[in-house]
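Asks: Provided below: data-v6.cif, containing mmCIF, C-alpha atoms.
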```
data_final
#
loop_
_atom_site.label_atom_id
_atom_site.label_comp_id
_atom_site.auth_asym_id
_atom_site.auth_seq_id
_atom_site.Cartn_x
_atom_site.Cartn_y
_atom_site.Cartn_z
CA MET A 12 155.29 111.09 -36.39
CA THR A 13 158.70 111.62 -37.93
CA ILE A 14 161.80 109.81 -36.82
CA PRO A 15 164.78 112.13 -36.34
CA LYS A 16 167.87 111.25 -38.34
CA LYS A 17 170.80 110.11 -36.28
CA LYS A 18 174.20 111.60 -36.92
CA ARG A 19 176.48 109.32 -38.90
CA PRO A 20 180.12 108.87 -37.81
CA ARG A 21 182.85 110.25 -40.07
CA ASP A 22 185.20 107.28 -39.67
CA ILE A 23 184.58 104.82 -42.51
CA SER A 24 184.71 101.70 -40.33
CA GLN A 25 182.36 103.22 -37.74
CA LEU A 26 180.05 104.30 -40.56
CA ALA A 27 180.03 100.76 -41.96
CA ALA A 28 179.29 99.28 -38.54
CA SER A 29 176.49 101.81 -38.03
CA ILE A 30 174.91 100.95 -41.40
CA VAL A 31 175.08 97.21 -40.67
CA GLU A 32 173.54 97.76 -37.23
CA ASP A 33 170.73 99.84 -38.73
CA ALA A 34 170.04 97.24 -41.39
CA THR A 35 170.01 94.24 -39.04
CA SER A 36 168.48 95.63 -35.86
CA GLU A 37 164.77 95.52 -35.16
CA GLU A 38 163.00 98.83 -34.93
CA LYS A 39 161.90 99.70 -31.41
CA THR A 40 158.40 101.05 -31.33
CA THR A 41 157.02 102.88 -28.35
CA PRO A 42 153.28 102.92 -27.88
CA GLU A 43 151.75 106.37 -28.07
CA PRO A 44 150.33 107.51 -24.75
CA MET A 45 146.56 107.73 -24.63
CA SER A 46 145.23 111.24 -24.41
CA LYS A 47 143.74 112.04 -21.01
CA LYS A 48 142.00 115.16 -22.29
CA ASN A 49 138.25 115.47 -22.45
CA PRO A 50 137.29 115.60 -26.17
CA ALA A 51 134.45 118.05 -25.49
CA ALA A 52 136.83 120.43 -23.69
CA VAL A 53 139.34 120.14 -26.52
CA ALA A 54 136.66 121.04 -29.06
CA LEU A 55 135.56 124.05 -27.02
CA GLY A 56 139.14 125.27 -26.61
CA ARG A 57 139.79 124.92 -30.32
CA LEU A 58 136.58 126.78 -31.13
CA GLY A 59 137.60 129.69 -28.92
CA GLY A 60 141.09 129.68 -30.40
CA LEU A 61 139.78 129.82 -33.94
CA LYS A 62 137.73 132.94 -33.41
CA GLY A 63 139.81 134.60 -30.68
CA GLY A 64 142.12 136.82 -32.73
CA LYS A 65 139.47 138.06 -35.13
CA ALA A 66 137.01 138.79 -32.31
CA ARG A 67 139.68 140.66 -30.32
CA ALA A 68 140.70 142.72 -33.35
CA ALA A 69 137.08 143.69 -34.03
CA LYS A 70 136.59 144.71 -30.39
CA LEU A 71 139.71 146.94 -30.14
CA SER A 72 139.60 150.60 -31.04
CA ALA A 73 142.01 152.00 -33.61
CA LYS A 74 143.97 153.87 -30.90
CA LYS A 75 144.37 150.72 -28.79
CA ARG A 76 145.49 148.66 -31.81
CA ILE A 77 148.08 151.31 -32.68
CA ALA A 78 149.35 151.36 -29.09
CA ILE A 79 149.68 147.57 -29.06
CA ALA A 80 151.50 147.59 -32.41
CA LYS A 81 153.91 150.31 -31.25
CA LYS A 82 154.69 148.42 -28.07
CA ALA A 83 155.34 145.22 -30.04
CA ALA A 84 157.60 147.00 -32.52
CA GLU A 85 159.53 148.69 -29.70
CA THR A 86 160.00 145.35 -27.96
CA ARG A 87 161.28 143.74 -31.19
CA TRP A 88 163.74 146.54 -31.85
CA ASN A 89 165.03 146.68 -28.26
CA LYS A 90 165.86 142.98 -27.94
CA LYS A 91 169.36 142.35 -26.65
CA LYS A 92 171.36 139.82 -28.63
#
```
Would you mind giving the structure from this file in structure tokens?

Replies:
Amino acid sequence: MTIPKKKRPRDISQLAASIVEDATSEEKTTPEPMSKKNPAAVALGRLGGLKGGKARAAKLSAKKRIAIAKKAAETRWNKKK
């Protein structure tokens, strides 16, 4: 788990105070919540996820794949910014 960097103040005296506080304060650690997921269900879901895309691609006909690709490209090009 990475700790996000906190933004440092621009004022030199505030920066100094922030550095001293960081150096002298104790690090607060939060315990990680225990997972309430069933490990067997997680393994099954991962197994299906690993083979899902390849199995779907093998099952689709060439016409259907082309139609899906065209629809995706059209959606990408028609996005409003």

Asks: In Å to one decimal, how far is atom CA of A:Gly59 from atom CA of A:Ala84?

Replies: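 These two atoms are separated by 26.7 Å.
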
Asks: Can you work out the spacing between atom CA of A:Pro20 and atom CA of A:Ser36 in Å, to one decimal?

Replies: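 Answer for the atom CA of A:Pro20 to atom CA of A:Ser36 separation: 17.7 Å.
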
Asks: Grab the atom CA of A:Ala80 to atom CA of A:Gly63 distance for me, in Å with one decimal place.

Replies: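 A separation of 17.6 Å between them.
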
Asks: Could you list, as a list in words, every residue within 12 Å of A:Lys18, counting all atoms listed in the file and ignoring same-chain residues fewer than 3 positions away?

Replies: Pro15, Arg21, Gln25, Leu26, Ser29 and Ile30 of chain A
